[in-house]
Protein chains: 6
Amino acid sequence: MKAAIYRWGHFNAAHRLYNPKWSEEKNKEVFGICTNPNYHGHNYEVVVKVIGEVDPETGFVINLFDLKNLIEKEIEDRFDHKNLNLDCPEFRELLPTAENVCYVIWTLLRNKLDEKYHILVRLYETQRNFVEYPAE
Amino acid sequence: MKAAIYRWGHFNAAHRLYNPKWSEEKNKEVFGICTNPNYHGHNYEVVVKVIGEVDPETGFVINLFDLKNLIEKEIEDRFDHKNLNLDCPEFRELLPTAENVCYVIWTLLRNKLDEKYHILVRLYETQRNFVEYPAE
Amino acid sequence: MKAAIYRWGHFNAAHRLYNPKWSEEKNKEVFGICTNPNYHGHNYEVVVKVIGEVDPETGFVINLFDLKNLIEKEIEDRFDHKNLNLDCPEFRELLPTAENVCYVIWTLLRNKLDEKYHILVRLYETQRNFVEYPAE
Amino acid sequence: MKAAIYRWGHFNAAHRLYNPKWSEEKNKEVFGICTNPNYHGHNYEVVVKVIGEVDPETGFVINLFDLKNLIEKEIEDRFDHKNLNLDCPEFRELLPTAENVCYVIWTLLRNKLDEKYHILVRLYETQRNFVEYPAE
Amino acid sequence: MKAAIYRWGHFNAAHRLYNPKWSEEKNKEVFGICTNPNYHGHNYEVVVKVIGEVDPETGFVINLFDLKNLIEKEIEDRFDHKNLNLDCPEFRELLPTAENVCYVIWTLLRNKLDEKYHILVRLYETQRNFVEYPAE
Amino acid sequence: MKAAIYRWGHFNAAHRLYNPKWSEEKNKEVFGICTNPNYHGHNYEVVVKVIGEVDPETGFVINLFDLKNLIEKEIEDRFDHKNLNLDCPEFRELLPTAENVCYVIWTLLRNKLDEKYHILVRLYETQRNFVEYPAE
């Protein structure tokens, strides 16, 4: 019997969209106000979906305390109250768009979770736009 | 690397469920208070999901400014503060149920978005009932 | 010991803003898209606040079952799936703006609730605009 | 033309996680504060997804009044203001984890809905953790 | 310059409404399903409002880390995953209605916060009913 | 007849709490992770409350289109996708705490709204902490 369990986390961070290979004009044209050189920020909300067999002894797909702790340690402690461009080596070479932040979070969790689990990450940049990786 | 991006829009509209092939009694039996001849209304919330490759130059599946503008022009400007039955030719022959409104929105966006994208539309009629097209 | 208790209700209705003493032009200028002759609609959310002494026998300001039933009978049954302009005599002579709908709801409840209670009504026309009567 | 329709329900219940085959210590280790012998509780929110063909006569996948009544009768009346461990025979032998409660709800609805429909149940134990059955 | 700051907390608890001075019949008549002898439960959400002068050195009415810690220690640790009737001496003699739980929380915080602050507590028993103490 | 009308706005901004009169240590002690030198950010949500007489001709306390435009022009255009510390002269000498940002917004709106209106501003820094000015 397979089920999916979801757990929320959140972090508040600054970021800026800027492609160093492009001119200022091209950056403004593509990224608009999101390329403001002094950064802007978001309350990011992250939802982690874990699919697996329900263990008949515990009734759990995964122990939620463990999943909560993993999200705190791997995601919230890493990104909360940070500047994604300046403070986070994950985005040295990678634009911190919602798509890429979501992918990085998925990778960080994928490395720590048993491969018997299938996982998906949804990241809210605002209540009105959000992304998922992988796409399903 | 494929990801999904979601964007919200909304519009406030009046509608009525009424099948002209049926008697008044049959309409009342099937549609209940939703067939009230003077219409009622909703704050419709629409969520558009777009799946595609993440462009390594921009970090985007699709530029959110473009998606936001498309939703405004194709959906919000068309349906906001309208009577779906009387003001919108899309529902001349089609009952404006949540299912059909969702399908019409999907068709309008499908016609305008590059076919490399896979799209799905979720439509909230109220916070307690909503629909998706296509079904997945 | 005085406390306040709040209870939510909701109804879906159509309405239109139109002042018959004015020209079409003036109505469009003041009410914009809200004056569309074929109506539009909303999911109205109503929050009723009741202030009173906490009864030491029950621990209640007011029995919530009674308050819930009152809101259903006086507000939801009256306005749900209705056209406020055409179906509701309360708005024959009164523009169904959020302010006036809120005032009408307050009056309907005030007439039915013991005068030992102080009451306030908040009405959400959308999640982004709402009103209260009386103003405090 | 296939679409999905979703409908919310809710119930407030007490529960406790406790595996009688284990020692007290093991129960505390695995279930933490959720094993408190005097129970704790939740406002459970349930979302039922029904996939099917849109009937061209009604514009409906399923009549929402029927679905709402089914959720009320089969789920809300059964579990609202109950102690899942003590009052509900469904959990005599089954731990009332979110995964198992979700599975039980799915089974109850599956037995009552026409097999032409595909269904999925999402259950919120809190706003920050929720489950789905079946996993997709 | 006076401002108000609000902070949320939450706890999941079981409770039951039962007045031992009354017959079973009277308890059922007044409290309905809330008097179920095996308890039911809620996800309680608590919002604490603190009014005070904004300190020009910090820009704070009160340091939010301190307020968060106070809510965790005095409220969440005390009530989370508890049975209010059986586990909490505060409700030995006091019915755990939303009104009374709110009053108890206010008292606990009032005893710990500097009297220069004015405080108010809002307690959500569900998203559809909530209380405030003191009443304003 | 007086009523209150509320309207939401929002902006995404970066900020940092840092008092230049203090040592690094004192800043860390008081502001914790909020003093991170590279900034962090939030999705700020602002709710503006306007109290006034309901005009019998329009049924409005204030025309919502005007209030919406005022919030866009005075607040959203000024602060959206900005670094409050670096881009906004309002915070050259003033710490951008939630309390002070709320006060600045109130002042900006107070200067533009007719003095017959009483106004109050609520500012959400996150969904779990928010402030109001003036305190009531």
# chains A, B, ... in the order shown; residues from 1 in each chain; ligands from 1
call {"tool": "residues_around", "arguments": {"residues": "Val50 in chain F", "least_positions_apart": "2", "cutoff": "6 Å", "atoms": "only C-alpha atoms", "output": "JSON, numbers by chain"}}
result
{"F": [4, 5, 118, 119]}
call {"tool": "write_last_selection", "arguments": {"atoms": "N, CA, C and O atoms", "output": "mmCIF file, in the first residue's frame"}}
result
data_model
loop_
_atom_site.group_PDB
_atom_site.id
_atom_site.type_symbol
_atom_site.label_atom_id
_atom_site.label_comp_id
_atom_site.auth_asym_id
_atom_site.auth_seq_id
_atom_site.Cartn_x
_atom_site.Cartn_y
_atom_site.Cartn_z
ATOM 1 N N ALA F 4 -16.146 50.678 7.871
ATOM 2 C CA ALA F 4 -14.712 50.560 7.581
ATOM 3 C C ALA F 4 -14.547 49.735 6.325
ATOM 4 O O ALA F 4 -15.248 48.732 6.153
ATOM 5 N N ILE F 5 -13.637 50.145 5.458
ATOM 6 C CA ILE F 5 -13.320 49.342 4.289
ATOM 7 C C ILE F 5 -11.829 49.034 4.319
ATOM 8 O O ILE F 5 -11.024 49.866 4.722
ATOM 9 N N HIS F 118 -10.433 58.143 8.892
ATOM 10 C CA HIS F 118 -9.517 57.587 9.888
ATOM 11 C C HIS F 118 -8.866 56.373 9.232
ATOM 12 O O HIS F 118 -9.557 55.571 8.605
ATOM 13 N N ILE F 119 -7.552 56.228 9.339
ATOM 14 C CA ILE F 119 -6.914 55.077 8.689
ATOM 15 C C ILE F 119 -6.038 54.295 9.652
ATOM 16 O O ILE F 119 -5.529 54.817 10.658
#
call {"tool": "select_by_dssp", "arguments": {"residues": "range 8-128 of chain C", "states": "alpha helix (DSSP H)", "output": "PyMOL selection string"}}
result
chain C and resi 24-31+64-71+77-79+84-87+98-112
call {"tool": "calpha_fit_and_write", "arguments": {"fixed": "chain D", "moving": "chain C", "output": "short mmCIF file (atom, residue, chain, number, x, y, z; two decimals) with N, CA and C atoms, in the first residue's frame"}}
result
data_model
loop_
_atom_site.label_atom_id
_atom_site.label_comp_id
_atom_site.auth_asym_id
_atom_site.auth_seq_id
_atom_site.Cartn_x
_atom_site.Cartn_y
_atom_site.Cartn_z
N MET C 1 -14.35 13.81 -23.06
CA MET C 1 -13.62 14.86 -22.33
C MET C 1 -13.64 14.55 -20.82
N LYS C 2 -12.45 14.23 -20.32
CA LYS C 2 -12.31 13.90 -18.90
C LYS C 2 -11.85 15.11 -18.09
N ALA C 3 -12.42 15.28 -16.91
CA ALA C 3 -11.96 16.34 -16.01
C ALA C 3 -11.94 15.78 -14.59
N ALA C 4 -11.33 16.55 -13.70
CA ALA C 4 -11.30 16.16 -12.28
C ALA C 4 -12.06 17.20 -11.49
N ILE C 5 -12.85 16.74 -10.53
CA ILE C 5 -13.53 17.67 -9.63
C ILE C 5 -13.12 17.33 -8.20
N TYR C 6 -12.92 18.38 -7.41
CA TYR C 6 -12.48 18.23 -6.02
C TYR C 6 -13.52 18.84 -5.10
N ARG C 7 -13.72 18.21 -3.97
CA ARG C 7 -14.63 18.75 -2.95
C ARG C 7 -14.02 18.58 -1.56
N TRP C 8 -14.10 19.62 -0.74
CA TRP C 8 -13.58 19.60 0.63
C TRP C 8 -14.64 19.15 1.64
N GLY C 9 -14.15 18.49 2.68
CA GLY C 9 -14.96 18.22 3.86
C GLY C 9 -14.06 18.41 5.07
N HIS C 10 -14.62 18.31 6.28
CA HIS C 10 -13.75 18.43 7.45
C HIS C 10 -14.41 17.77 8.66
N PHE C 11 -13.56 17.37 9.60
CA PHE C 11 -14.07 16.81 10.85
C PHE C 11 -13.01 17.05 11.92
N ASN C 12 -13.48 17.18 13.14
CA ASN C 12 -12.60 17.41 14.29
C ASN C 12 -12.58 16.13 15.11
N ALA C 13 -11.41 15.58 15.34
CA ALA C 13 -11.36 14.28 16.03
C ALA C 13 -10.15 14.21 16.95
N ALA C 14 -10.25 13.31 17.93
CA ALA C 14 -9.11 13.00 18.81
C ALA C 14 -8.49 11.69 18.32
N HIS C 15 -7.21 11.54 18.58
CA HIS C 15 -6.59 10.25 18.28
C HIS C 15 -5.31 10.10 19.10
N ARG C 16 -4.70 8.96 18.96
CA ARG C 16 -3.45 8.66 19.66
C ARG C 16 -2.74 7.59 18.83
N LEU C 17 -1.43 7.70 18.73
CA LEU C 17 -0.65 6.68 18.03
C LEU C 17 -0.02 5.76 19.07
N TYR C 18 -0.36 4.50 19.00
CA TYR C 18 0.13 3.54 20.00
C TYR C 18 0.06 2.14 19.39
N ASN C 19 1.19 1.48 19.34
CA ASN C 19 1.25 0.12 18.82
C ASN C 19 1.30 -0.84 20.02
N PRO C 20 0.22 -1.60 20.23
CA PRO C 20 0.14 -2.45 21.45
C PRO C 20 1.18 -3.57 21.48
N LYS C 21 1.81 -3.86 20.34
CA LYS C 21 2.85 -4.91 20.32
C LYS C 21 4.18 -4.40 20.87
N TRP C 22 4.26 -3.09 21.06
CA TRP C 22 5.54 -2.51 21.48
C TRP C 22 5.49 -2.10 22.95
N SER C 23 6.69 -1.94 23.53
CA SER C 23 6.82 -1.39 24.89
C SER C 23 6.45 0.09 24.88
N GLU C 24 6.21 0.62 26.09
CA GLU C 24 5.98 2.06 26.21
C GLU C 24 7.16 2.85 25.63
N GLU C 25 8.36 2.35 25.91
CA GLU C 25 9.56 3.07 25.47
C GLU C 25 9.62 3.15 23.96
N LYS C 26 9.36 2.00 23.33
CA LYS C 26 9.40 1.98 21.86
C LYS C 26 8.32 2.91 21.30
N ASN C 27 7.12 2.90 21.90
CA ASN C 27 6.06 3.79 21.43
C ASN C 27 6.48 5.26 21.55
N LYS C 28 7.11 5.61 22.66
CA LYS C 28 7.56 7.01 22.83
C LYS C 28 8.65 7.37 21.85
N GLU C 29 9.54 6.39 21.62
CA GLU C 29 10.66 6.65 20.71
C GLU C 29 10.14 6.91 19.29
N VAL C 30 9.17 6.09 18.86
CA VAL C 30 8.70 6.21 17.47
C VAL C 30 7.66 7.32 17.33
N PHE C 31 6.72 7.40 18.27
CA PHE C 31 5.59 8.30 18.08
C PHE C 31 5.71 9.62 18.85
N GLY C 32 6.70 9.71 19.76
CA GLY C 32 6.93 10.96 20.48
C GLY C 32 5.68 11.43 21.20
N ILE C 33 5.39 12.73 21.13
CA ILE C 33 4.24 13.27 21.84
C ILE C 33 2.91 12.75 21.28
N CYS C 34 2.94 12.15 20.10
CA CYS C 34 1.69 11.65 19.50
C CYS C 34 1.15 10.41 20.22
N THR C 35 1.94 9.85 21.12
CA THR C 35 1.49 8.65 21.84
C THR C 35 0.90 8.97 23.21
N ASN C 36 0.80 10.25 23.54
CA ASN C 36 0.21 10.69 24.82
C ASN C 36 -1.06 9.87 25.14
N PRO C 37 -1.09 9.16 26.27
CA PRO C 37 -2.20 8.22 26.55
C PRO C 37 -3.58 8.86 26.62
N ASN C 38 -3.65 10.14 26.93
CA ASN C 38 -4.96 10.80 27.02
C ASN C 38 -5.44 11.42 25.71
N TYR C 39 -4.74 11.11 24.62
CA TYR C 39 -5.16 11.58 23.29
C TYR C 39 -4.84 13.07 23.07
N HIS C 40 -4.78 13.44 21.81
CA HIS C 40 -4.75 14.84 21.38
C HIS C 40 -5.67 14.90 20.17
N GLY C 41 -5.73 16.03 19.47
CA GLY C 41 -6.70 16.08 18.38
C GLY C 41 -6.33 16.99 17.25
N HIS C 42 -7.15 16.95 16.22
CA HIS C 42 -6.89 17.73 15.00
C HIS C 42 -8.21 18.20 14.38
N ASN C 43 -8.09 19.28 13.63
CA ASN C 43 -9.12 19.65 12.65
C ASN C 43 -8.70 19.01 11.34
N TYR C 44 -9.25 17.87 11.03
CA TYR C 44 -8.90 17.21 9.77
C TYR C 44 -9.65 17.86 8.62
N GLU C 45 -8.91 18.13 7.55
CA GLU C 45 -9.52 18.62 6.31
C GLU C 45 -9.34 17.53 5.27
N VAL C 46 -10.38 17.21 4.55
CA VAL C 46 -10.29 16.15 3.55
C VAL C 46 -10.68 16.72 2.18
N VAL C 47 -9.91 16.37 1.17
CA VAL C 47 -10.22 16.79 -0.20
C VAL C 47 -10.37 15.54 -1.04
N VAL C 48 -11.53 15.41 -1.67
CA VAL C 48 -11.80 14.23 -2.49
C VAL C 48 -11.75 14.65 -3.96
N LYS C 49 -10.92 13.95 -4.71
CA LYS C 49 -10.79 14.20 -6.16
C LYS C 49 -11.49 13.09 -6.91
N VAL C 50 -12.36 13.44 -7.84
CA VAL C 50 -13.09 12.47 -8.64
C VAL C 50 -12.81 12.77 -10.12
N ILE C 51 -12.29 11.80 -10.83
CA ILE C 51 -12.01 11.96 -12.26
C ILE C 51 -13.04 11.16 -13.05
N GLY C 52 -13.59 11.80 -14.09
CA GLY C 52 -14.54 11.10 -14.95
C GLY C 52 -14.85 11.93 -16.18
N GLU C 53 -15.67 11.37 -17.03
CA GLU C 53 -16.12 12.07 -18.24
C GLU C 53 -17.08 13.20 -17.85
N VAL C 54 -17.00 14.32 -18.54
CA VAL C 54 -17.98 15.39 -18.34
C VAL C 54 -19.24 15.05 -19.14
N ASP C 55 -20.34 14.92 -18.44
CA ASP C 55 -21.63 14.60 -19.08
C ASP C 55 -22.09 15.83 -19.88
N PRO C 56 -22.31 15.69 -21.21
CA PRO C 56 -22.67 16.88 -21.99
C PRO C 56 -24.04 17.47 -21.62
N GLU C 57 -24.92 16.67 -21.03
CA GLU C 57 -26.25 17.17 -20.62
C GLU C 57 -26.19 18.08 -19.39
N THR C 58 -25.30 17.73 -18.46
CA THR C 58 -25.23 18.48 -17.20
C THR C 58 -23.98 19.35 -17.10
N GLY C 59 -22.98 19.04 -17.90
CA GLY C 59 -21.70 19.74 -17.75
C GLY C 59 -20.94 19.31 -16.50
N PHE C 60 -21.36 18.23 -15.89
CA PHE C 60 -20.76 17.77 -14.63
C PHE C 60 -19.98 16.46 -14.81
N VAL C 61 -18.88 16.30 -14.07
CA VAL C 61 -18.26 14.99 -13.89
C VAL C 61 -19.15 14.17 -12.95
N ILE C 62 -19.58 14.85 -11.89
CA ILE C 62 -20.47 14.24 -10.91
C ILE C 62 -21.25 15.40 -10.30
N ASN C 63 -22.49 15.15 -9.93
CA ASN C 63 -23.27 16.23 -9.33
C ASN C 63 -22.68 16.55 -7.95
N LEU C 64 -22.30 17.80 -7.77
CA LEU C 64 -21.59 18.20 -6.55
C LEU C 64 -22.48 18.07 -5.31
N PHE C 65 -23.77 18.21 -5.47
CA PHE C 65 -24.67 18.00 -4.32
C PHE C 65 -24.58 16.55 -3.84
N ASP C 66 -24.51 15.62 -4.79
CA ASP C 66 -24.39 14.21 -4.42
C ASP C 66 -23.04 13.94 -3.75
N LEU C 67 -21.99 14.52 -4.30
CA LEU C 67 -20.65 14.29 -3.74
C LEU C 67 -20.56 14.89 -2.34
N LYS C 68 -21.12 16.09 -2.19
CA LYS C 68 -21.13 16.75 -0.88
C LYS C 68 -21.90 15.90 0.14
N ASN C 69 -23.06 15.39 -0.27
CA ASN C 69 -23.86 14.56 0.65
C ASN C 69 -23.14 13.27 1.01
N LEU C 70 -22.46 12.69 0.02
CA LEU C 70 -21.72 11.45 0.28
C LEU C 70 -20.61 11.70 1.30
N ILE C 71 -19.88 12.80 1.14
CA ILE C 71 -18.79 13.12 2.07
C ILE C 71 -19.37 13.37 3.47
N GLU C 72 -20.50 14.08 3.53
CA GLU C 72 -21.13 14.31 4.83
C GLU C 72 -21.53 13.01 5.51
N LYS C 73 -22.20 12.17 4.74
CA LYS C 73 -22.75 10.95 5.32
C LYS C 73 -21.67 9.92 5.65
N GLU C 74 -20.76 9.71 4.71
CA GLU C 74 -19.78 8.64 4.88
C GLU C 74 -18.57 9.05 5.72
N ILE C 75 -18.23 10.33 5.69
CA ILE C 75 -16.98 10.75 6.34
C ILE C 75 -17.24 11.66 7.54
N GLU C 76 -17.91 12.78 7.31
CA GLU C 76 -18.08 13.75 8.39
C GLU C 76 -18.93 13.20 9.53
N ASP C 77 -20.08 12.61 9.19
CA ASP C 77 -20.94 12.07 10.25
C ASP C 77 -20.25 10.93 11.01
N ARG C 78 -19.41 10.19 10.32
CA ARG C 78 -18.73 9.05 10.94
C ARG C 78 -17.61 9.47 11.89
N PHE C 79 -16.86 10.51 11.51
CA PHE C 79 -15.64 10.83 12.25
C PHE C 79 -15.69 12.14 13.03
N ASP C 80 -16.67 13.01 12.76
CA ASP C 80 -16.65 14.34 13.40
C ASP C 80 -16.94 14.24 14.89
N HIS C 81 -16.10 14.92 15.68
CA HIS C 81 -16.23 14.94 17.13
C HIS C 81 -16.19 13.54 17.73
N LYS C 82 -15.31 12.72 17.14
CA LYS C 82 -15.10 11.36 17.64
C LYS C 82 -13.64 11.17 18.09
N ASN C 83 -13.46 10.12 18.87
CA ASN C 83 -12.12 9.65 19.22
C ASN C 83 -11.86 8.49 18.27
N LEU C 84 -10.92 8.67 17.36
CA LEU C 84 -10.71 7.65 16.31
C LEU C 84 -10.36 6.30 16.91
N ASN C 85 -9.57 6.30 17.99
CA ASN C 85 -9.17 5.02 18.60
C ASN C 85 -10.32 4.33 19.32
N LEU C 86 -11.14 5.09 20.02
CA LEU C 86 -12.16 4.48 20.88
C LEU C 86 -13.53 4.37 20.24
N ASP C 87 -13.89 5.34 19.41
CA ASP C 87 -15.26 5.39 18.89
C ASP C 87 -15.41 4.75 17.51
N CYS C 88 -14.32 4.51 16.80
CA CYS C 88 -14.41 4.13 15.39
C CYS C 88 -13.85 2.73 15.16
N PRO C 89 -14.73 1.77 14.84
CA PRO C 89 -14.27 0.38 14.65
C PRO C 89 -13.22 0.25 13.55
N GLU C 90 -13.18 1.20 12.61
CA GLU C 90 -12.18 1.14 11.53
C GLU C 90 -10.76 1.13 12.08
N PHE C 91 -10.58 1.69 13.29
CA PHE C 91 -9.23 1.80 13.83
C PHE C 91 -9.00 0.91 15.06
N ARG C 92 -9.83 -0.12 15.19
CA ARG C 92 -9.59 -1.12 16.24
C ARG C 92 -8.24 -1.79 16.06
N GLU C 93 -7.96 -2.15 14.81
CA GLU C 93 -6.75 -2.92 14.52
C GLU C 93 -5.75 -2.11 13.71
N LEU C 94 -6.08 -0.89 13.44
CA LEU C 94 -5.28 -0.09 12.50
C LEU C 94 -4.90 1.21 13.19
N LEU C 95 -3.62 1.53 13.18
CA LEU C 95 -3.14 2.78 13.78
C LEU C 95 -3.75 3.99 13.06
N PRO C 96 -4.35 4.94 13.78
CA PRO C 96 -4.95 6.09 13.10
C PRO C 96 -3.92 7.16 12.71
N THR C 97 -2.89 6.76 11.97
CA THR C 97 -1.98 7.74 11.38
C THR C 97 -2.71 8.43 10.22
N ALA C 98 -2.19 9.56 9.80
CA ALA C 98 -2.79 10.25 8.66
C ALA C 98 -2.88 9.33 7.44
N GLU C 99 -1.83 8.55 7.22
CA GLU C 99 -1.83 7.64 6.06
C GLU C 99 -3.00 6.67 6.15
N ASN C 100 -3.20 6.07 7.33
CA ASN C 100 -4.25 5.07 7.46
C ASN C 100 -5.65 5.70 7.47
N VAL C 101 -5.80 6.86 8.08
CA VAL C 101 -7.11 7.53 8.04
C VAL C 101 -7.46 7.86 6.59
N CYS C 102 -6.48 8.31 5.84
CA CYS C 102 -6.70 8.64 4.43
C CYS C 102 -7.12 7.39 3.64
N TYR C 103 -6.45 6.30 3.90
CA TYR C 103 -6.78 5.05 3.22
C TYR C 103 -8.20 4.58 3.56
N VAL C 104 -8.57 4.68 4.83
CA VAL C 104 -9.92 4.29 5.25
C VAL C 104 -10.98 5.16 4.56
N ILE C 105 -10.72 6.45 4.49
CA ILE C 105 -11.67 7.35 3.81
C ILE C 105 -11.79 6.98 2.34
N TRP C 106 -10.66 6.72 1.70
CA TRP C 106 -10.68 6.34 0.30
C TRP C 106 -11.52 5.07 0.12
N THR C 107 -11.35 4.09 1.01
CA THR C 107 -12.08 2.83 0.90
C THR C 107 -13.59 3.05 1.08
N LEU C 108 -13.95 3.88 2.05
CA LEU C 108 -15.36 4.16 2.29
C LEU C 108 -16.01 4.81 1.06
N LEU C 109 -15.31 5.73 0.45
CA LEU C 109 -15.87 6.41 -0.73
C LEU C 109 -15.83 5.49 -1.96
N ARG C 110 -14.75 4.74 -2.09
CA ARG C 110 -14.62 3.82 -3.23
C ARG C 110 -15.81 2.84 -3.26
N ASN C 111 -16.24 2.38 -2.07
CA ASN C 111 -17.36 1.45 -1.99
C ASN C 111 -18.69 2.05 -2.42
N LYS C 112 -18.78 3.37 -2.37
CA LYS C 112 -20.06 4.03 -2.65
C LYS C 112 -20.11 4.71 -4.02
N LEU C 113 -18.95 4.94 -4.62
CA LEU C 113 -18.94 5.66 -5.90
C LEU C 113 -18.87 4.68 -7.06
N ASP C 114 -19.59 5.00 -8.12
CA ASP C 114 -19.58 4.22 -9.35
C ASP C 114 -18.13 3.96 -9.78
N GLU C 115 -17.87 2.72 -10.23
CA GLU C 115 -16.47 2.40 -10.54
C GLU C 115 -15.97 3.07 -11.81
N LYS C 116 -16.85 3.76 -12.53
CA LYS C 116 -16.35 4.51 -13.69
C LYS C 116 -15.49 5.70 -13.26
N TYR C 117 -15.60 6.08 -11.99
CA TYR C 117 -14.80 7.20 -11.49
C TYR C 117 -13.47 6.71 -10.93
N HIS C 118 -12.43 7.50 -11.19
CA HIS C 118 -11.16 7.30 -10.50
C HIS C 118 -11.14 8.28 -9.34
N ILE C 119 -10.78 7.83 -8.15
CA ILE C 119 -10.78 8.77 -7.02
C ILE C 119 -9.44 8.80 -6.28
N LEU C 120 -9.19 9.94 -5.65
CA LEU C 120 -7.99 10.16 -4.83
C LEU C 120 -8.42 10.99 -3.62
N VAL C 121 -7.84 10.69 -2.47
CA VAL C 121 -8.17 11.42 -1.25
C VAL C 121 -6.92 12.09 -0.69
N ARG C 122 -7.03 13.38 -0.38
CA ARG C 122 -5.98 14.10 0.34
C ARG C 122 -6.52 14.43 1.73
N LEU C 123 -5.72 14.17 2.74
CA LEU C 123 -6.13 14.44 4.12
C LEU C 123 -5.11 15.34 4.80
N TYR C 124 -5.57 16.50 5.27
CA TYR C 124 -4.72 17.41 6.04
C TYR C 124 -4.89 17.11 7.53
N GLU C 125 -3.81 16.75 8.20
CA GLU C 125 -3.83 16.58 9.65
C GLU C 125 -3.60 17.94 10.29
N THR C 126 -2.69 18.71 9.71
CA THR C 126 -2.53 20.13 10.03
C THR C 126 -2.29 20.83 8.70
N GLN C 127 -2.20 22.14 8.72
CA GLN C 127 -1.90 22.85 7.48
C GLN C 127 -0.49 22.53 6.98
N ARG C 128 0.36 21.99 7.84
CA ARG C 128 1.76 21.77 7.48
C ARG C 128 2.09 20.31 7.17
N ASN C 129 1.16 19.39 7.44
CA ASN C 129 1.42 18.03 6.98
C ASN C 129 0.13 17.36 6.54
N PHE C 130 0.23 16.69 5.41
CA PHE C 130 -0.95 16.06 4.82
C PHE C 130 -0.51 14.87 3.99
N VAL C 131 -1.48 14.03 3.65
CA VAL C 131 -1.18 12.79 2.92
C VAL C 131 -2.17 12.60 1.77
N GLU C 132 -1.81 11.68 0.88
CA GLU C 132 -2.69 11.32 -0.23
C GLU C 132 -2.70 9.82 -0.44
N TYR C 133 -3.88 9.31 -0.78
CA TYR C 133 -3.99 7.92 -1.19
C TYR C 133 -4.96 7.84 -2.35
N PRO C 134 -4.65 7.13 -3.43
CA PRO C 134 -3.38 6.45 -3.65
C PRO C 134 -2.28 7.45 -4.01
N ALA C 135 -1.04 6.99 -3.95
CA ALA C 135 0.11 7.83 -4.29
C ALA C 135 0.22 7.91 -5.81
N GLU C 136 0.38 9.12 -6.30
CA GLU C 136 0.48 9.29 -7.77
C GLU C 136 1.64 10.23 -8.12
#
call {"tool": "select_by_dssp", "arguments": {"residues": "range 58-134 of chain F", "states": "strand (DSSP E)", "output": "JSON, numbers by chain"}}
result
{"F": [82, 83, 118, 119, 120, 121, 122, 123, 124, 125, 126, 129, 130, 131, 132, 133]}
call {"tool": "decode", "arguments": {"residues": "range 89-102 of chain A", "atoms": "C-alpha atoms", "output": "PDB file, in the first residue's frame"}}
result
ATOM      1  CA  PRO A  89      27.462  28.514  -2.996  1.00  0.00           C
ATOM      2  CA  GLU A  90      24.658  26.547  -4.716  1.00  0.00           C
ATOM      3  CA  PHE A  91      23.845  29.707  -6.697  1.00  0.00           C
ATOM      4  CA  ARG A  92      27.363  30.853  -7.592  1.00  0.00           C
ATOM      5  CA  GLU A  93      26.876  29.541 -11.118  1.00  0.00           C
ATOM      6  CA  LEU A  94      23.152  29.050 -11.164  1.00  0.00           C
ATOM      7  CA  LEU A  95      20.482  31.753 -11.433  1.00  0.00           C
ATOM      8  CA  PRO A  96      18.282  31.659  -8.288  1.00  0.00           C
ATOM      9  CA  THR A  97      14.985  31.500 -10.185  1.00  0.00           C
ATOM     10  CA  ALA A  98      12.162  29.620  -8.483  1.00  0.00           C
ATOM     11  CA  GLU A  99      12.768  26.721 -10.897  1.00  0.00           C
ATOM     12  CA  ASN A 100      16.439  26.446  -9.961  1.00  0.00           C
ATOM     13  CA  VAL A 101      15.917  26.925  -6.216  1.00  0.00           C
ATOM     14  CA  CYS A 102      13.336  24.136  -6.371  1.00  0.00           C
TER      15      CYS A 102
END
